[in-house]
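What's in entry.cif: mmCIF, C-alpha atoms
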data_input
#
loop_
_atom_site.label_atom_id
_atom_site.label_comp_id
_atom_site.auth_asym_id
_atom_site.auth_seq_id
_atom_site.Cartn_x
_atom_site.Cartn_y
_atom_site.Cartn_z
CA MET A 133 -10.24 89.47 5.21
CA LYS A 134 -12.20 86.22 5.32
CA VAL A 135 -12.54 84.22 2.09
CA PHE A 136 -15.13 81.58 1.20
CA LEU A 137 -14.42 79.37 -1.83
CA LEU A 138 -17.09 77.53 -3.82
CA LEU A 139 -15.03 74.94 -5.67
CA ASN A 140 -15.82 72.78 -8.68
CA GLY A 141 -15.08 69.10 -9.19
CA ASP A 142 -15.02 66.18 -6.79
CA GLU A 143 -14.36 66.64 -3.09
CA GLY A 144 -10.64 67.28 -2.55
CA TRP A 145 -9.89 67.60 -6.28
CA GLN A 146 -8.71 71.22 -6.36
CA THR A 147 -5.50 70.67 -4.42
CA GLY A 148 -3.74 73.70 -5.87
CA ILE A 149 -6.50 76.11 -4.92
CA GLU A 150 -6.73 74.54 -1.46
CA ASP A 151 -2.95 74.83 -1.02
CA GLY A 152 -2.74 78.38 -2.33
CA PHE A 153 -5.46 79.83 -0.11
CA SER A 154 -4.40 77.73 2.90
CA HIS A 155 -0.96 79.33 2.59
CA LEU A 156 -2.58 82.77 2.56
CA ALA A 157 -4.37 81.92 5.79
CA ALA A 158 -1.34 80.29 7.46
CA SER A 159 0.89 83.25 6.60
CA GLY A 160 -1.63 85.79 7.91
CA GLN A 161 -2.44 87.31 4.52
CA ILE A 162 -6.11 86.52 5.08
CA GLU A 163 -7.84 86.20 8.45
CA GLY A 164 -10.13 83.28 7.74
CA LEU A 165 -10.79 80.63 5.11
CA ARG A 166 -13.50 78.11 4.35
CA TRP A 167 -14.39 76.18 1.25
CA MET A 168 -17.11 73.94 -0.09
CA TYR A 169 -17.14 71.75 -3.19
CA LEU A 170 -20.38 73.08 -4.64
CA GLU A 171 -20.41 70.82 -7.71
CA HIS A 172 -19.79 67.70 -5.61
CA ALA A 173 -22.56 68.72 -3.20
CA ALA A 174 -24.94 69.29 -6.11
CA ARG A 175 -24.28 65.78 -7.44
CA THR A 176 -24.73 64.12 -4.06
CA LYS A 177 -27.52 66.25 -2.51
CA GLY A 178 -29.14 67.94 -5.47
CA VAL A 179 -28.53 71.44 -6.79
CA ALA A 180 -31.09 73.22 -4.61
CA ALA A 181 -29.88 71.52 -1.42
CA ALA A 182 -26.26 72.30 -2.31
CA MET A 183 -27.01 75.98 -2.76
CA GLN A 184 -28.95 76.05 0.50
CA ALA A 185 -26.01 74.42 2.31
CA ALA A 186 -23.55 76.86 0.74
CA LEU A 187 -25.67 79.85 1.71
CA ALA A 188 -26.01 78.55 5.28
CA GLU A 189 -22.24 78.10 5.51
CA ALA A 190 -21.73 81.61 4.14
CA ARG A 191 -24.14 83.11 6.67
CA ASN A 192 -22.31 81.36 9.49
CA PHE A 193 -18.88 82.45 8.24
CA ASN A 194 -19.87 85.96 7.02
CA PRO A 195 -16.95 86.29 4.55
CA ASP A 196 -15.49 89.42 2.99
CA MET A 197 -14.95 87.67 -0.33
CA VAL A 198 -16.73 84.76 -2.03
CA VAL A 199 -15.06 83.10 -5.02
CA ILE A 200 -17.10 80.87 -7.32
CA PHE A 201 -15.08 78.57 -9.57
CA HIS A 202 -16.08 77.27 -13.02
CA VAL A 203 -19.79 76.50 -12.75
CA ALA A 204 -20.15 75.21 -16.35
CA THR A 205 -23.75 73.88 -16.56
CA LEU A 206 -24.44 73.81 -12.80
CA ALA A 207 -27.85 75.46 -12.42
CA ILE A 208 -26.85 78.44 -10.27
CA THR A 209 -29.82 80.71 -9.51
CA ASP A 210 -30.15 84.46 -9.25
CA THR A 211 -31.69 83.97 -5.79
CA PHE A 212 -28.60 82.14 -4.55
CA LEU A 213 -26.23 84.84 -5.79
CA ALA A 214 -28.45 87.55 -4.31
CA GLY A 215 -28.29 85.69 -1.00
CA ILE A 216 -24.49 85.64 -1.13
CA LYS A 217 -24.23 89.31 -1.98
CA GLY A 218 -26.83 90.20 0.63
CA LEU A 219 -24.88 88.77 3.57
CA PRO A 220 -24.27 91.22 6.45
CA SER A 221 -20.60 91.47 5.45
CA ARG A 222 -21.59 92.50 1.88
CA PRO A 223 -18.84 90.30 0.42
CA MET A 224 -17.01 90.89 -2.82
CA LEU A 225 -18.13 88.25 -5.33
CA VAL A 226 -15.47 86.96 -7.74
CA TYR A 227 -16.05 84.45 -10.51
CA ASP A 228 -13.01 82.44 -11.64
CA GLU A 229 -13.18 80.70 -15.01
CA GLY A 230 -10.27 78.33 -15.52
CA ASP A 231 -11.42 76.90 -18.84
CA MET A 232 -11.68 78.34 -22.33
CA TYR A 233 -14.99 78.86 -24.09
CA GLY A 234 -16.15 80.05 -27.47
CA THR A 235 -17.56 78.84 -30.82
CA TRP A 236 -20.42 76.36 -31.24
CA ALA A 237 -18.27 73.57 -29.84
CA LYS A 238 -18.14 75.10 -26.37
CA PRO A 239 -20.40 78.12 -25.83
CA VAL A 240 -20.51 80.12 -22.62
CA THR A 241 -23.33 78.61 -20.56
CA ALA A 242 -26.32 80.39 -19.04
CA SER A 243 -25.03 79.67 -15.52
CA MET A 244 -21.64 81.15 -16.37
CA ARG A 245 -23.29 84.26 -17.82
CA LEU A 246 -25.34 84.71 -14.67
CA CYS A 247 -22.29 84.41 -12.40
CA MET A 248 -20.29 86.75 -14.60
CA ARG A 249 -23.05 89.34 -14.65
CA LYS A 250 -23.48 89.28 -10.86
CA ALA A 251 -19.75 89.13 -10.04
CA ASP A 252 -17.81 92.16 -8.87
CA ALA A 253 -14.81 90.88 -10.86
CA ILE A 254 -13.95 87.99 -13.16
CA SER A 255 -10.71 86.02 -13.34
CA LEU A 256 -9.75 84.38 -16.68
CA ARG A 257 -6.90 82.08 -17.79
CA GLY A 258 -6.77 83.57 -21.28
CA LEU A 259 -7.52 86.92 -22.89
CA GLY A 260 -8.19 87.96 -26.48
CA ALA A 261 -11.51 86.98 -28.05
CA PHE A 262 -12.73 85.10 -24.97
CA ALA A 263 -12.05 88.08 -22.71
CA SER A 264 -13.79 90.35 -25.22
CA GLU A 265 -16.86 88.11 -25.11
CA VAL A 266 -16.84 88.13 -21.31
CA ALA A 267 -16.38 91.92 -21.28
CA ARG A 268 -19.76 92.30 -23.00
CA ILE A 269 -21.22 90.75 -19.85
CA ASN A 270 -18.91 92.32 -17.26
CA ASP A 271 -15.73 94.24 -18.05
CA ARG A 272 -14.07 93.97 -14.63
CA ILE A 273 -11.68 91.26 -15.83
CA PHE A 274 -8.22 90.25 -14.65
CA TYR A 275 -5.82 87.56 -15.81
CA THR A 276 -4.88 84.54 -13.68
CA PRO A 277 -2.53 81.90 -15.15
CA HIS A 278 -2.88 78.21 -14.50
CA HIS A 279 -0.83 77.00 -11.55
CA ALA A 280 1.16 73.82 -10.92
CA ASP A 281 -1.73 72.25 -9.06
CA ILE A 282 0.03 69.03 -8.09
CA ALA A 283 2.76 70.89 -6.21
CA ARG A 284 1.97 68.87 -3.06
CA PHE A 285 3.18 65.76 -4.92
CA ASP A 286 6.55 67.33 -5.75
CA ARG A 287 9.47 65.28 -4.43
CA GLU A 288 13.25 64.98 -4.63
CA PRO A 289 15.23 64.61 -6.75
CA TYR A 290 13.32 67.39 -8.44
CA VAL A 291 15.31 67.48 -11.69
CA LEU A 292 16.70 64.18 -12.95
CA ASP A 293 20.10 63.93 -14.63
CA ASP A 294 19.01 60.91 -16.70
CA ARG A 295 15.61 60.40 -18.31
CA GLU A 296 13.81 57.64 -20.15
CA ASN A 297 11.90 59.62 -22.79
CA PRO A 298 13.35 62.03 -25.35
CA MET A 299 9.95 63.71 -25.58
CA VAL A 300 6.37 63.30 -24.40
CA LEU A 301 2.96 64.77 -25.17
CA ILE A 302 0.10 64.35 -22.69
CA GLY A 303 -3.32 65.22 -24.01
CA ASN A 304 -6.51 63.64 -25.29
CA ARG A 305 -7.67 63.24 -28.86
CA ILE A 306 -10.94 65.17 -28.93
CA LYS A 307 -13.40 64.00 -31.56
CA SER A 308 -16.77 65.49 -32.37
CA ARG A 309 -19.75 63.37 -31.38
CA TYR A 310 -21.86 64.79 -34.18
CA LEU A 311 -21.77 67.09 -37.20
CA GLY A 312 -18.23 65.99 -38.06
CA ARG A 313 -15.57 68.64 -37.77
CA LEU A 314 -18.03 71.51 -37.43
CA ARG A 315 -18.39 71.20 -33.66
CA ARG A 316 -14.84 70.17 -32.80
CA MET A 317 -13.16 72.10 -29.99
CA PRO A 318 -10.81 74.73 -31.47
CA GLY A 319 -7.34 73.25 -31.84
CA SER A 320 -8.45 69.61 -31.63
CA LEU A 321 -8.02 68.89 -35.35
CA GLY A 322 -4.69 70.72 -35.33
CA ARG A 323 -3.53 68.60 -32.37
CA GLU A 324 -4.46 65.39 -34.20
CA CYS A 325 -2.61 66.43 -37.37
CA PHE A 326 0.36 67.53 -35.27
CA VAL A 327 0.56 64.20 -33.44
CA LYS A 328 0.40 62.29 -36.73
CA HIS A 329 3.27 64.38 -38.11
CA MET A 330 5.41 63.94 -34.99
CA GLY A 331 4.83 60.19 -35.12
CA LYS A 332 5.99 60.04 -38.74
CA VAL A 333 9.16 61.99 -37.93
CA PHE A 334 10.12 60.56 -34.53
CA GLY A 335 8.26 57.25 -34.38
CA GLU A 336 8.18 55.53 -30.99
CA LYS A 337 10.49 58.20 -29.52
CA PHE A 338 7.47 60.50 -29.57
CA VAL A 339 5.82 59.20 -26.39
CA LEU A 340 2.10 59.88 -26.34
CA HIS A 341 -0.25 59.69 -23.34
CA GLY A 342 -3.98 60.34 -23.42
CA ASN A 343 -7.33 58.96 -24.52
CA GLY A 344 -8.17 58.23 -28.16
CA TRP A 345 -4.67 57.72 -29.59
CA GLU A 346 -4.97 54.01 -30.37
CA GLY A 347 -3.00 53.22 -33.53
CA PHE A 348 -0.78 56.32 -33.27
CA ALA A 349 3.00 55.92 -33.04
CA GLY A 350 4.31 56.11 -29.47
CA ASN A 351 0.90 55.71 -27.84
CA ARG A 352 1.12 54.50 -24.23
CA GLY A 353 -2.45 55.17 -23.20
CA PRO A 354 -3.85 57.56 -20.60
CA VAL A 355 -1.98 58.59 -17.47
CA GLY A 356 -3.58 59.64 -14.19
CA PHE A 357 -3.50 63.34 -13.42
CA GLN A 358 -1.42 62.93 -10.27
CA ASP A 359 1.08 60.81 -12.24
CA GLN A 360 1.77 63.50 -14.86
CA LEU A 361 4.53 65.14 -12.83
CA GLU A 362 6.47 61.88 -12.75
CA VAL A 363 6.07 61.39 -16.52
CA TYR A 364 7.44 64.88 -17.13
CA ARG A 365 10.36 64.34 -14.74
CA ARG A 366 11.40 61.38 -16.87
CA SER A 367 11.15 63.23 -20.19
CA TRP A 368 13.70 65.66 -21.63
CA ILE A 369 11.08 67.55 -23.61
CA THR A 370 7.39 68.17 -23.03
CA VAL A 371 5.63 68.80 -26.34
CA ALA A 372 2.28 70.59 -26.22
CA TYR A 373 -0.44 71.48 -28.68
CA GLU A 374 -3.07 73.43 -26.76
CA HIS A 375 -6.74 73.78 -27.56
CA TYR A 376 -7.85 77.33 -28.34
CA PRO A 377 -4.51 78.17 -29.99
CA GLN A 378 -5.71 81.67 -30.90
CA ILE A 379 -6.34 82.73 -27.30
CA PRO A 380 -3.43 84.92 -26.10
CA TYR A 381 -1.77 84.32 -22.73
CA TYR A 382 -3.48 80.94 -22.42
CA PHE A 383 -1.75 77.71 -21.47
CA SER A 384 -2.98 74.61 -19.65
CA ASN A 385 -1.79 73.54 -16.22
CA ARG A 386 0.52 71.05 -17.93
CA LEU A 387 2.98 73.85 -18.70
CA PRO A 388 3.77 74.82 -15.09
CA ILE A 389 3.68 71.15 -14.03
CA ALA A 390 6.20 70.18 -16.73
CA MET A 391 8.46 73.14 -15.94
CA MET A 392 8.34 72.33 -12.25
CA ALA A 393 9.52 68.82 -13.22
CA GLY A 394 12.50 70.27 -15.09
CA SER A 395 11.25 69.24 -18.53
CA LEU A 396 12.03 71.61 -21.41
CA TYR A 397 8.91 72.81 -23.19
CA VAL A 398 8.07 72.92 -26.91
CA CYS A 399 4.65 74.34 -27.78
CA HIS A 400 2.90 76.33 -30.48
CA ALA A 401 3.05 80.07 -30.06
CA HIS A 402 0.24 82.06 -28.46
CA GLY A 403 0.01 85.81 -28.36
CA GLY A 404 1.52 87.13 -25.16
CA TYR A 405 4.07 84.36 -24.73
CA GLU A 406 6.76 86.87 -25.66
CA ASP A 407 5.79 88.72 -22.47
CA LEU A 408 5.28 85.72 -20.21
CA PHE A 409 8.52 83.94 -21.12
CA ARG A 410 10.81 86.74 -22.25
CA GLY A 411 14.52 85.93 -21.88
CA THR A 412 14.06 82.24 -21.04
CA ASP A 413 16.05 79.37 -22.58
CA PHE A 414 13.84 76.42 -21.61
CA ILE A 415 10.69 77.03 -23.65
CA PHE A 416 10.47 76.99 -27.46
CA PHE A 417 7.60 78.08 -29.69
CA PHE A 418 6.53 76.90 -33.13
CA HIS A 419 4.02 78.14 -35.67
CA ASN A 420 3.80 74.97 -37.75
CA ASN A 421 4.78 71.31 -37.60
CA ASN A 422 8.15 71.77 -39.29
CA GLU A 423 9.18 74.43 -36.78
CA ALA A 424 8.20 72.02 -33.99
CA VAL A 425 10.44 69.32 -35.46
CA ASP A 426 13.33 71.79 -35.68
CA ALA A 427 12.86 72.90 -32.07
CA ILE A 428 12.81 69.31 -30.80
CA ARG A 429 15.92 68.40 -32.79
CA TYR A 430 17.70 71.47 -31.47
CA VAL A 431 16.92 70.68 -27.84
CA LEU A 432 18.00 67.06 -28.26
CA SER A 433 21.27 68.25 -29.83
CA LEU A 434 22.23 70.10 -26.65
CA ASP A 435 24.75 68.59 -24.28
CA LYS A 436 23.02 66.66 -21.52
CA SER A 437 24.46 68.91 -18.82
CA ASP A 438 23.07 71.93 -20.68
CA ARG A 439 19.60 70.34 -20.81
CA VAL A 440 19.75 69.58 -17.08
CA GLU A 441 20.71 73.15 -16.19
CA ARG A 442 17.98 74.57 -18.41
CA GLY A 443 15.58 72.19 -16.69
CA ARG A 444 16.65 73.58 -13.32
CA ARG A 445 15.98 77.10 -14.57
CA ALA A 446 12.56 75.98 -15.83
CA ARG A 447 11.74 74.64 -12.38
CA GLU A 448 12.89 77.84 -10.66
CA PHE A 449 10.79 79.89 -13.08
CA ALA A 450 7.69 77.77 -12.40
CA LEU A 451 8.16 78.04 -8.65
CA ARG A 452 8.48 81.84 -8.87
CA ARG A 453 5.54 82.37 -11.20
CA TYR A 454 3.17 79.39 -11.11
CA HIS A 455 3.33 77.78 -7.69
CA PRO A 456 -0.15 77.83 -6.06
CA HIS A 457 1.13 80.08 -3.25
CA VAL A 458 2.14 82.69 -5.82
CA VAL A 459 -0.79 82.42 -8.24
CA TRP A 460 -3.51 82.71 -5.58
CA ARG A 461 -1.71 85.50 -3.71
CA ASN A 462 -1.69 87.45 -6.95
CA PHE A 463 -5.31 86.49 -7.61
CA LEU A 464 -6.36 88.00 -4.29
CA SER A 465 -4.58 91.30 -4.86
CA ASN A 466 -5.76 91.53 -8.49
CA ALA A 467 -9.35 90.83 -7.49
CA ILE A 468 -9.31 93.59 -4.88
CA ALA A 469 -7.73 95.99 -7.39
CA ALA A 470 -10.31 95.14 -10.07
CA ILE A 471 -13.17 95.71 -7.65
CA GLY A 472 -11.62 98.90 -6.32
CA ARG A 473 -11.95 98.23 -2.60
#
Re-express the file's structure as structure tokens.
Amino acid sequence: MKVFLLLNGDEGWQTGIEDGFSHLAASGQIEGLRWMYLEHAARTKGVAAAMQAALAEARNFNPDMVVIFHVATLAITDTFLAGIKGLPSRPMLVYDEGDMYGTWAKPVTASMRLCMRKADAISLRGLGAFASEVARINDRIFYTPHHADIARFDREPYVLDDRENPMVLIGNRIKSRYLGRLRRMPGSLGRECFVKHMGKVFGEKFVLHGNGWEGFAGNRGPVGFQDQLEVYRRSWITVAYEHYPQIPYYFSNRLPIAMMAGSLYVCHAHGGYEDLFRGTDFIFFFHNNNEAVDAIRYVLSLDKSDRVERGRRAREFALRRYHPHVVWRNFLSNAIAAIGR
């Protein structure tokens, strides 16, 4: 099987996807691999020229599968998708959506709907209401979790015995640009209230990285994406408050990155977590702010050697489940199963 990836973001940004599919090619699980950063090409050449270049590359390569990643508002055309599906190889077309959508704050775009409708299968990071909305467009859906997409920056010692921060939260404060709270992203107001509460309880021990937290206790400003792994390595606990808290099976890529760094994880509960993390002792769920405080205090009460060993188990779990080699191998097999070829 030959696979052609149409990636989103800046050139070279999707390191985890590159690494995962390159491993499939190097290990002989696929016969050929090419990729193109479609969004980057659209910004530098124009949308029409980027689609023409992608179609020319696809004709030259004649893949068995084409995967389009997260088009958002990129003006994909029906003609372009028809050209992809009309290649001599008649490739399977898979659309992968790694973000969450829903409500007025973040509606599914027209370009996404077009790709979903034309796709032979759709990969989603979360299920529930979002998956139900997508199923009205195309019901050939399968679940793909986020991966630890900075695995190539992993380095020894992987799990530190001593750490600087009792706890850390990395995430931005998302504020509505208009209409007040009405158009806020789901979970953004809850995250802000949560951070305020944690600051009142833990003060400067609650280390906070991200944009928009000026004036909040523990704020240390934004941190570069590729530096997040190092921040987590130096923190006993990673605290998370995800957007779209009602979407089951959803978590951001910060969860596998933090676990890979050996940081214990405290986050609000999502449906499906009881399946994803059954029997583990390094992740803790809360339903409200007081439960979060209790979970943090419990973890910090553990003997340091116990925390280190749990951190090692968290890393092993992340490597087994959320390393790019694993996630994209499973993606490939799930896509083929969903399509029925």
**Report entry** Å distance separating atom CA of A:Val266 from atom CA of A:Val458, one decimal place
**Finding:** 25.1 Å
Sel. within 9 Å of pt (7.8, 60.4, -29.1), counting all atoms listed in the file, output as an mmCIF file with C-alpha atoms, in the coordinates of the input:
data_model
loop_
_atom_site.group_PDB
_atom_site.id
_atom_site.type_symbol
_atom_site.label_atom_id
_atom_site.label_comp_id
_atom_site.auth_asym_id
_atom_site.auth_seq_id
_atom_site.Cartn_x
_atom_site.Cartn_y
_atom_site.Cartn_z
ATOM 1 C CA ASN A 297 11.900 59.620 -22.790
ATOM 2 C CA PRO A 298 13.350 62.030 -25.350
ATOM 3 C CA MET A 299 9.950 63.710 -25.580
ATOM 4 C CA VAL A 300 6.370 63.300 -24.400
ATOM 5 C CA LEU A 301 2.960 64.770 -25.170
ATOM 6 C CA MET A 330 5.410 63.940 -34.990
ATOM 7 C CA GLY A 331 4.830 60.190 -35.120
ATOM 8 C CA PHE A 334 10.120 60.560 -34.530
ATOM 9 C CA GLY A 335 8.260 57.250 -34.380
ATOM 10 C CA GLU A 336 8.180 55.530 -30.990
ATOM 11 C CA LYS A 337 10.490 58.200 -29.520
ATOM 12 C CA PHE A 338 7.470 60.500 -29.570
ATOM 13 C CA VAL A 339 5.820 59.200 -26.390
ATOM 14 C CA LEU A 340 2.100 59.880 -26.340
ATOM 15 C CA ALA A 349 3.000 55.920 -33.040
ATOM 16 C CA GLY A 350 4.310 56.110 -29.470
ATOM 17 C CA ASN A 351 0.900 55.710 -27.840
#
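Using all atoms listed in the file, the residues found no farther than 10 Å from A:Val355, other than those of its own chain fewer than 6 positions away, are Ile302, Gly303, Leu340, His341, Gly342, Asn343 and Val363 of chain A.
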Query raised in the report: Which residues come within 12 Å of A:Ser243, counting only C-alpha atoms, excluding same-chain residues fewer than 3 positions away, as a count of residues only?
Result: 22
Query raised in the report: So how far away is atom CA of A:Gly152 from atom CA of A:Ala372, in Å?
Result: 25.6 Å
**Report entry** Residues returned when the PyMOL selection byres ((chain A and resi 295) around 8) runs on this file, as a list in words
**Finding:** Leu292, Asp293, Asp294, Glu296, Asn297, Pro298, Arg365, Arg366, Ser367 and Trp368 of chain A
Output C-alpha atoms for every residue in that selection, as a compact mmCIF listing (two decimals), keeping the file's coordinate frame.
# COMPACT_ATOMS: atom_id res chain seq x y z
CA LEU A 292 16.70 64.18 -12.95
CA ASP A 293 20.10 63.93 -14.63
CA ASP A 294 19.01 60.91 -16.70
CA GLU A 296 13.81 57.64 -20.15
CA ASN A 297 11.90 59.62 -22.79
CA PRO A 298 13.35 62.03 -25.35
CA ARG A 365 10.36 64.34 -14.74
CA ARG A 366 11.40 61.38 -16.87
CA SER A 367 11.15 63.23 -20.19
CA TRP A 368 13.70 65.66 -21.63
Query raised in the report: Applied to this file, what does the PyMOL selection byres ((chain A and resi 441) around 12) return in terms of residues, put as a list of chain:residue names?
Result: A:Val291, A:Leu292, A:Asp293, A:Trp368, A:Gly394, A:Ser395, A:Leu396, A:Asp413, A:Phe414, A:Leu434, A:Asp435, A:Lys436, A:Ser437, A:Asp438, A:Arg439, A:Val440, A:Arg442, A:Gly443, A:Arg444, A:Arg445, A:Ala446, A:Arg447, A:Glu448
Query raised in the report: Looking at all atoms listed in the file, which of A:Ala185, A:Asn466, A:Ile282, A:His400 is the one that sits closest to A:Gly356?
Result: A:Ile282
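Here the PyMOL selection byres ((chain A and resi 387) around 10) catches exactly these residues: His278, His279, Ala280, Thr370, Val371, Ala372, Phe383, Ser384, Asn385, Arg386, Pro388, Ile389, Ala390, Met391, Met392, Ala393, Ser395, Leu396, Tyr397, Val398, Cys399, Ile415, Ala450 and Tyr454 of chain A.
Atom CA of A:Asp231 sits 20.9 Å away from atom CA of A:Ala173.
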